[in-house]
There are 2 protein chains.
Amino acid sequence: MSDVISQIADLIQRRDRFLVASHMNPDGDALGSSLGLALVLESMGKSAVVHNQGPVPALYGFLPAVERIQKDLPSDGYFEVSFVLDCSTPERVGESFRQFGNRGQVVVVDHHPPRHAMEGLHLIRTEAAATAELIYEITEALKVPLPGDAATALYAGLMTDTGSFRFSNTTPRALEVAGRLLAAGADHRRLIEQVYESFPPERFRLLGLALNTLRLLDNGRVAVIWITRPMFQEVGAEDEMTDGFVDIPRSIKGVEVAVLIREREDSECRVNLRSRGRVDVGDVASQFGGGGHPNAAGCTIKGPAPEVEGRLIKAIEEALS
Amino acid sequence: MSDVISQIADLIQRRDRFLVASHMNPDGDALGSSLGLALVLESMGKSAVVHNQGPVPALYGFLPAVERIQKDLPSDGYFEVSFVLDCSTPERVGESFRQFGNRGQVVVVDHHPPRHAMEGLHLIRTEAAATAELIYEITEALKVPLPGDAATALYAGLMTDTGSFRFSNTTPRALEVAGRLLAAGADHRRLIEQVYESFPPERFRLLGLALNTLRLLDNGRVAVIWITRPMFQEVGAEDEMTDGFVDIPRSIKGVEVAVLIREREDSECRVNLRSRGRVDVGDVASQFGGGGHPNAAGCTIKGPAPEVEGRLIKAIEEALS
């Protein structure tokens, strides 16, 4: 066991008043890690306040104890220990936390590459698949029984951050920890049902229209789908229902770059880009004032979808050549 | 370790000429288990013939050593030990194996409920997620290093039979074994790319057309999509490209029964049914001369899609009421 994990376990044993905070616009790992840790602390008889500036996506409204998440921190509250999860700066946690005075000892637990991480104890491991995996390491060091609800929350973090063990961050340890969380009582059936089987029908009506626009360009190396305003209106769908659509053109054999273009109400388009590795789509996106990673990026471009597509394809073809 | 596993390990140590056979129309587990076991046997200096009557789906053409699979068995060949994997009767293995005389000692390794399993040593465990998991147990008992290629083949079996760890057969042990296979060198990236990211574009063009037919019936408890002959022709798609389509209506919130209807060339429809548990769709399918499990079943019904839908919906609504 690493020194820092035993230090954190020791700190938990000796203190009673905890804050558990994570980043704004939380994903399944930020929420699952926070709720999992809070439930473990409470099972040990400690007090734990869970803070997230939100908004909590409806998708995660089923997580155990999710109703306990506090959007604001009381200005006169105080904590002996403040956990900062799945991020490492007060700015990412948000305004309420940034201005909060009585944080006590800060403990950062994260799996993202740190930039200007705040002072405190650091458990930052980029090789971990999810922050939830690191919270599990801490609970192991505590040698307390893991409550079933906490296991469910941590499994949610691990499952969503690995795309159900499909992404390249799926490691032997991630799978081993997932197995132990199941053994501790994680509610696998409910997690799968809530995360992968509770879609609104409008999502698939919209997907049907979007797939009708599928085009392969540059000898099948680029795949594009787009969604115009009339398409959103025809099926009564919201923009958030397009989550994951870009992975479909990316899953076509031979495709190097996948593009999803969504027309927004303000005569501009939101663009999602995915790459299998040969093209740095973060670089492509930055040419249009956007950003992201080499394999996943996005930008916003003025104009209707066909015009935006033309400009994008040109930039992608240059990157491919 | 169970007695039978140590008996099988002992048999492997003492013998040299092995046949590894699995069921006709093999899935990822039948193929992955067979190739994984054969590669382990060869790493120990044994001879192993892999037999499958086929056809091997194109999807699995990437598996290590897949080119070694023999469709026919030499009538004058002989083996000291014949493994029967992922099934338990000679009928499921097929004609060539059924008529083959020199099987030697038979060892059945399977995770399906046995019906009239053939005589021999039996490692039949319905609680295993996949036969590949049981082959892993045998390799552990052998205490030999697991070759990376064998780990890839076994991971393929475990991954496909659990739907990437989403199906209800995902157990703590299945995840633990998956982690160990990754640690042994299973090529995760290639597996994901080949199984989930190598689709022909026609699949998604067809899905687009199919989703345009999505209808929710019986207060949203039944979801139906259909594919007519003209739709197949419009996009130049094959029937086998519809694999997995029925899981999409099933993933809509509130849906109890999902239905996929595909028109075939002979003026009849192939029907796939999925249930979330309240309705036994095996029972519904049997009313039309089909069959299956309570949660997944199929049948063939005469007539064009709209007519077939009418008859099906009536039967499903009766089962739901």
# chains A, B, ... in the order shown; residues from 1 in each chain; ligands from 1
>>> interface_residues(of="chain B", to="chain A", cutoff="6 Å", atoms="only C-alpha atoms", output="JSON list (two decimals) with C-alpha atoms, in the first residue's frame")
[["chain", "number", "residue", "atom", "x", "y", "z"],
["B", 172, "PRO", "CA", -17.45, -10.93, -9.45],
["B", 175, "LEU", "CA", -14.69, -9.59, -13.82],
["B", 176, "GLU", "CA", -11.78, -10.99, -11.83],
["B", 179, "GLY", "CA", -8.72, -8.68, -15.23],
["B", 182, "LEU", "CA", -5.79, -8.58, -19.48],
["B", 183, "ALA", "CA", -2.80, -8.90, -17.15],
["B", 197, "GLU", "CA", -15.99, -0.82, -34.02],
["B", 198, "SER", "CA", -15.78, -2.62, -37.39],
["B", 199, "PHE", "CA", -19.34, -2.35, -38.68],
["B", 200, "PRO", "CA", -20.18, -1.88, -42.36],
["B", 201, "PRO", "CA", -21.83, 1.51, -43.09],
["B", 208, "GLY", "CA", -31.69, 4.70, -39.70],
["B", 211, "LEU", "CA", -35.68, 3.57, -36.44],
["B", 212, "ASN", "CA", -37.97, 5.67, -38.64],
["B", 251, "SER", "CA", -33.40, 0.21, -24.05],
["B", 252, "ILE", "CA", -36.28, 2.72, -24.05],
["B", 253, "LYS", "CA", -37.52, 3.70, -20.61]]
>>> residues_around(residues="Val108 of chain B", least_positions_apart="4", cutoff="6 Å", atoms="only C-alpha atoms", output="number ranges by chain")
B: 83-84, 88, 122
>>> write_last_selection(atoms="C-alpha atoms", output="JSON list (two decimals), in the first residue's frame")
[["chain", "number", "residue", "atom", "x", "y", "z"],
["B", 83, "PHE", "CA", -12.81, -31.60, -25.40],
["B", 84, "VAL", "CA", -16.43, -30.63, -26.12],
["B", 88, "SER", "CA", -22.62, -31.00, -24.14],
["B", 122, "HIS", "CA", -17.99, -32.99, -16.93]]
>>> residues_around(residues="Leu63 of chain A", least_positions_apart="3", cutoff="8 Å", atoms="only C-alpha atoms", output="PyMOL selection string")
chain A and resi 32+60+66+152-153
>>> write_last_selection(atoms="N, CA and C atoms", output="CSV table (one decimal), in the first residue's frame")
chain,number,residue,atom,x,y,z
A,32,GLY,N,-20.3,9.3,-8.5
A,32,GLY,CA,-20.1,8.0,-7.9
A,32,GLY,C,-19.0,8.0,-6.8
A,60,TYR,N,-28.1,10.5,-13.7
A,60,TYR,CA,-27.5,10.0,-12.4
A,60,TYR,C,-28.4,10.2,-11.2
A,66,VAL,N,-28.0,10.4,-3.7
A,66,VAL,CA,-27.8,11.6,-4.6
A,66,VAL,C,-28.6,12.8,-4.1
A,152,THR,N,-22.3,0.3,-5.1
A,152,THR,CA,-23.0,0.7,-6.3
A,152,THR,C,-22.5,2.0,-6.8
A,153,ALA,N,-22.3,3.0,-5.9
A,153,ALA,CA,-21.9,4.3,-6.4
A,153,ALA,C,-20.5,4.3,-7.0
>>> residues_around(residues="Val279 of chain A", least_positions_apart="3", cutoff="7 Å", atoms="only C-alpha atoms", output="list in words")
Ser275, Ala319 and Leu320 of chain A
>>> write_last_selection(atoms="N, CA and C atoms", output="mmCIF file, in the first residue's frame")
data_model
loop_
_atom_site.group_PDB
_atom_site.id
_atom_site.type_symbol
_atom_site.label_atom_id
_atom_site.label_comp_id
_atom_site.auth_asym_id
_atom_site.auth_seq_id
_atom_site.Cartn_x
_atom_site.Cartn_y
_atom_site.Cartn_z
ATOM 1 N N SER A 275 -11.525 10.569 -33.229
ATOM 2 C CA SER A 275 -10.473 10.020 -34.077
ATOM 3 C C SER A 275 -10.060 8.654 -33.568
ATOM 4 N N ALA A 319 -5.466 17.241 -42.550
ATOM 5 C CA ALA A 319 -4.795 16.545 -41.441
ATOM 6 C C ALA A 319 -4.512 15.082 -41.793
ATOM 7 N N LEU A 320 -5.369 14.499 -42.622
ATOM 8 C CA LEU A 320 -5.197 13.085 -42.999
ATOM 9 C C LEU A 320 -4.130 12.893 -44.068
#
>>> residues_around(residues="Ile8 of chain B", least_positions_apart="3", cutoff="12 Å", atoms="only C-alpha atoms", output="PDB file with N, CA, C and O atoms, in the first residue's frame")
ATOM      1  N   MET B   1      -9.759 -25.699  -5.328  1.00  0.00           N
ATOM      2  CA  MET B   1      -9.985 -26.180  -6.693  1.00  0.00           C
ATOM      3  C   MET B   1     -10.868 -27.436  -6.658  1.00  0.00           C
ATOM      4  O   MET B   1     -10.700 -28.291  -5.806  1.00  0.00           O
ATOM      5  N   SER B   2     -11.810 -27.481  -7.595  1.00  0.00           N
ATOM      6  CA  SER B   2     -12.722 -28.630  -7.581  1.00  0.00           C
ATOM      7  C   SER B   2     -11.979 -29.878  -8.059  1.00  0.00           C
ATOM      8  O   SER B   2     -10.992 -29.802  -8.788  1.00  0.00           O
ATOM      9  N   ASP B   3     -12.501 -31.028  -7.637  1.00  0.00           N
ATOM     10  CA  ASP B   3     -11.938 -32.307  -8.040  1.00  0.00           C
ATOM     11  C   ASP B   3     -11.856 -32.451  -9.550  1.00  0.00           C
ATOM     12  O   ASP B   3     -10.845 -32.895 -10.097  1.00  0.00           O
ATOM     13  N   VAL B   4     -12.968 -32.066 -10.231  1.00  0.00           N
ATOM     14  CA  VAL B   4     -13.010 -32.310 -11.665  1.00  0.00           C
ATOM     15  C   VAL B   4     -11.977 -31.445 -12.392  1.00  0.00           C
ATOM     16  O   VAL B   4     -11.342 -31.900 -13.352  1.00  0.00           O
ATOM     17  N   ILE B   5     -11.761 -30.223 -11.897  1.00  0.00           N
ATOM     18  CA  ILE B   5     -10.755 -29.375 -12.541  1.00  0.00           C
ATOM     19  C   ILE B   5      -9.364 -29.993 -12.376  1.00  0.00           C
ATOM     20  O   ILE B   5      -8.571 -30.027 -13.320  1.00  0.00           O
ATOM     21  N   LEU B  11      -5.225 -34.969 -16.516  1.00  0.00           N
ATOM     22  CA  LEU B  11      -5.380 -35.636 -17.813  1.00  0.00           C
ATOM     23  C   LEU B  11      -4.567 -34.908 -18.890  1.00  0.00           C
ATOM     24  O   LEU B  11      -3.906 -35.539 -19.734  1.00  0.00           O
ATOM     25  N   ILE B  12      -4.642 -33.579 -18.859  1.00  0.00           N
ATOM     26  CA  ILE B  12      -3.885 -32.787 -19.849  1.00  0.00           C
ATOM     27  C   ILE B  12      -2.389 -33.040 -19.693  1.00  0.00           C
ATOM     28  O   ILE B  12      -1.666 -33.237 -20.683  1.00  0.00           O
ATOM     29  N   GLN B  13      -1.924 -33.058 -18.445  1.00  0.00           N
ATOM     30  CA  GLN B  13      -0.494 -33.288 -18.211  1.00  0.00           C
ATOM     31  C   GLN B  13      -0.036 -34.635 -18.780  1.00  0.00           C
ATOM     32  O   GLN B  13       1.056 -34.759 -19.311  1.00  0.00           O
ATOM     33  N   ARG B  14      -0.905 -35.655 -18.676  1.00  0.00           N
ATOM     34  CA  ARG B  14      -0.493 -37.008 -19.008  1.00  0.00           C
ATOM     35  C   ARG B  14      -0.677 -37.388 -20.476  1.00  0.00           C
ATOM     36  O   ARG B  14      -0.158 -38.404 -20.921  1.00  0.00           O
ATOM     37  N   ARG B  15      -1.471 -36.605 -21.226  1.00  0.00           N
ATOM     38  CA  ARG B  15      -1.778 -36.989 -22.602  1.00  0.00           C
ATOM     39  C   ARG B  15      -1.161 -35.998 -23.600  1.00  0.00           C
ATOM     40  O   ARG B  15      -0.763 -34.900 -23.233  1.00  0.00           O
ATOM     41  N   VAL B  81      -7.656 -37.431 -26.041  1.00  0.00           N
ATOM     42  CA  VAL B  81      -8.681 -36.680 -25.294  1.00  0.00           C
ATOM     43  C   VAL B  81      -9.430 -35.771 -26.263  1.00  0.00           C
ATOM     44  O   VAL B  81      -8.804 -35.111 -27.100  1.00  0.00           O
ATOM     45  N   SER B  82     -10.787 -35.762 -26.164  1.00  0.00           N
ATOM     46  CA  SER B  82     -11.588 -34.839 -26.959  1.00  0.00           C
ATOM     47  C   SER B  82     -12.354 -33.894 -26.035  1.00  0.00           C
ATOM     48  O   SER B  82     -13.169 -34.336 -25.221  1.00  0.00           O
ATOM     49  N   PHE B  83     -12.051 -32.596 -26.149  1.00  0.00           N
ATOM     50  CA  PHE B  83     -12.814 -31.598 -25.402  1.00  0.00           C
ATOM     51  C   PHE B  83     -14.056 -31.201 -26.204  1.00  0.00           C
ATOM     52  O   PHE B  83     -13.955 -30.965 -27.420  1.00  0.00           O
ATOM     53  N   GLN B 105     -10.819 -40.138 -24.477  1.00  0.00           N
ATOM     54  CA  GLN B 105     -11.551 -39.676 -23.286  1.00  0.00           C
ATOM     55  C   GLN B 105     -12.259 -38.353 -23.611  1.00  0.00           C
ATOM     56  O   GLN B 105     -11.628 -37.419 -24.095  1.00  0.00           O
ATOM     57  N   VAL B 106     -13.564 -38.292 -23.341  1.00  0.00           N
ATOM     58  CA  VAL B 106     -14.305 -37.056 -23.615  1.00  0.00           C
ATOM     59  C   VAL B 106     -14.361 -36.178 -22.369  1.00  0.00           C
ATOM     60  O   VAL B 106     -14.599 -36.673 -21.265  1.00  0.00           O
ATOM     61  N   VAL B 107     -14.099 -34.876 -22.550  1.00  0.00           N
ATOM     62  CA  VAL B 107     -14.229 -33.896 -21.457  1.00  0.00           C
ATOM     63  C   VAL B 107     -15.184 -32.798 -21.915  1.00  0.00           C
ATOM     64  O   VAL B 107     -14.913 -32.103 -22.902  1.00  0.00           O
ATOM     65  N   VAL B 108     -16.313 -32.661 -21.212  1.00  0.00           N
ATOM     66  CA  VAL B 108     -17.291 -31.629 -21.548  1.00  0.00           C
ATOM     67  C   VAL B 108     -17.060 -30.420 -20.639  1.00  0.00           C
ATOM     68  O   VAL B 108     -17.026 -30.561 -19.417  1.00  0.00           O
ATOM     69  N   VAL B 109     -16.874 -29.224 -21.246  1.00  0.00           N
ATOM     70  CA  VAL B 109     -16.760 -27.982 -20.465  1.00  0.00           C
ATOM     71  C   VAL B 109     -17.826 -27.030 -20.987  1.00  0.00           C
ATOM     72  O   VAL B 109     -17.807 -26.648 -22.152  1.00  0.00           O
ATOM     73  N   GLY B 120     -18.566 -38.779 -20.085  1.00  0.00           N
ATOM     74  CA  GLY B 120     -17.197 -38.308 -20.005  1.00  0.00           C
ATOM     75  C   GLY B 120     -17.000 -37.514 -18.733  1.00  0.00           C
ATOM     76  O   GLY B 120     -17.871 -37.502 -17.852  1.00  0.00           O
ATOM     77  N   LEU B 121     -15.857 -36.840 -18.628  1.00  0.00           N
ATOM     78  CA  LEU B 121     -15.628 -35.933 -17.506  1.00  0.00           C
ATOM     79  C   LEU B 121     -16.438 -34.666 -17.766  1.00  0.00           C
ATOM     80  O   LEU B 121     -16.404 -34.128 -18.869  1.00  0.00           O
ATOM     81  N   HIS B 122     -17.155 -34.172 -16.751  1.00  0.00           N
ATOM     82  CA  HIS B 122     -17.992 -32.987 -16.929  1.00  0.00           C
ATOM     83  C   HIS B 122     -17.532 -31.824 -16.050  1.00  0.00           C
ATOM     84  O   HIS B 122     -17.455 -31.967 -14.832  1.00  0.00           O
ATOM     85  N   LEU B 123     -17.226 -30.697 -16.690  1.00  0.00           N
ATOM     86  CA  LEU B 123     -17.080 -29.456 -15.932  1.00  0.00           C
ATOM     87  C   LEU B 123     -18.192 -28.552 -16.444  1.00  0.00           C
ATOM     88  O   LEU B 123     -18.006 -27.789 -17.400  1.00  0.00           O
ATOM     89  N   LEU B 134     -14.336 -20.988 -17.573  1.00  0.00           N
ATOM     90  CA  LEU B 134     -13.993 -22.331 -17.087  1.00  0.00           C
ATOM     91  C   LEU B 134     -12.666 -22.807 -17.682  1.00  0.00           C
ATOM     92  O   LEU B 134     -11.894 -23.494 -17.008  1.00  0.00           O
ATOM     93  N   ILE B 135     -12.411 -22.451 -18.926  1.00  0.00           N
ATOM     94  CA  ILE B 135     -11.103 -22.793 -19.518  1.00  0.00           C
ATOM     95  C   ILE B 135      -9.997 -22.077 -18.740  1.00  0.00           C
ATOM     96  O   ILE B 135      -8.929 -22.645 -18.482  1.00  0.00           O
ATOM     97  N   GLU B 137     -10.086 -21.406 -15.587  1.00  0.00           N
ATOM     98  CA  GLU B 137      -9.912 -22.172 -14.334  1.00  0.00           C
ATOM     99  C   GLU B 137      -8.980 -23.365 -14.569  1.00  0.00           C
ATOM    100  O   GLU B 137      -8.146 -23.690 -13.739  1.00  0.00           O
ATOM    101  N   ILE B 138      -9.154 -24.016 -15.714  1.00  0.00           N
ATOM    102  CA  ILE B 138      -8.301 -25.176 -16.026  1.00  0.00           C
ATOM    103  C   ILE B 138      -6.844 -24.728 -16.203  1.00  0.00           C
ATOM    104  O   ILE B 138      -5.923 -25.361 -15.679  1.00  0.00           O
ATOM    105  N   THR B 139      -6.637 -23.599 -16.899  1.00  0.00           N
ATOM    106  CA  THR B 139      -5.248 -23.146 -17.112  1.00  0.00           C
ATOM    107  C   THR B 139      -4.599 -22.768 -15.785  1.00  0.00           C
ATOM    108  O   THR B 139      -3.403 -22.977 -15.600  1.00  0.00           O
ATOM    109  N   GLU B 140      -5.407 -22.224 -14.872  1.00  0.00           N
ATOM    110  CA  GLU B 140      -4.853 -21.904 -13.542  1.00  0.00           C
ATOM    111  C   GLU B 140      -4.385 -23.186 -12.848  1.00  0.00           C
ATOM    112  O   GLU B 140      -3.325 -23.205 -12.221  1.00  0.00           O
ATOM    113  N   ALA B 141      -5.205 -24.236 -12.958  1.00  0.00           N
ATOM    114  CA  ALA B 141      -4.871 -25.501 -12.307  1.00  0.00           C
ATOM    115  C   ALA B 141      -3.623 -26.130 -12.932  1.00  0.00           C
ATOM    116  O   ALA B 141      -2.889 -26.864 -12.273  1.00  0.00           O
ATOM    117  N   LEU B 142      -3.397 -25.829 -14.219  1.00  0.00           N
ATOM    118  CA  LEU B 142      -2.232 -26.391 -14.913  1.00  0.00           C
ATOM    119  C   LEU B 142      -0.934 -25.731 -14.453  1.00  0.00           C
ATOM    120  O   LEU B 142       0.150 -26.285 -14.629  1.00  0.00           O
TER     121      LEU B 142
END
>>> select_by_dssp(residues="segment 27-110 of chain B", states="helix (DSSP H, G or I)", output="ChimeraX atom specification")
/B:28-43,58-60,66-68,90-93,95-98
>>> atom_distance(atom1="atom CA of Arg68 of chain A", atom2="atom CA of Val93 of chain A")
17.0 Å
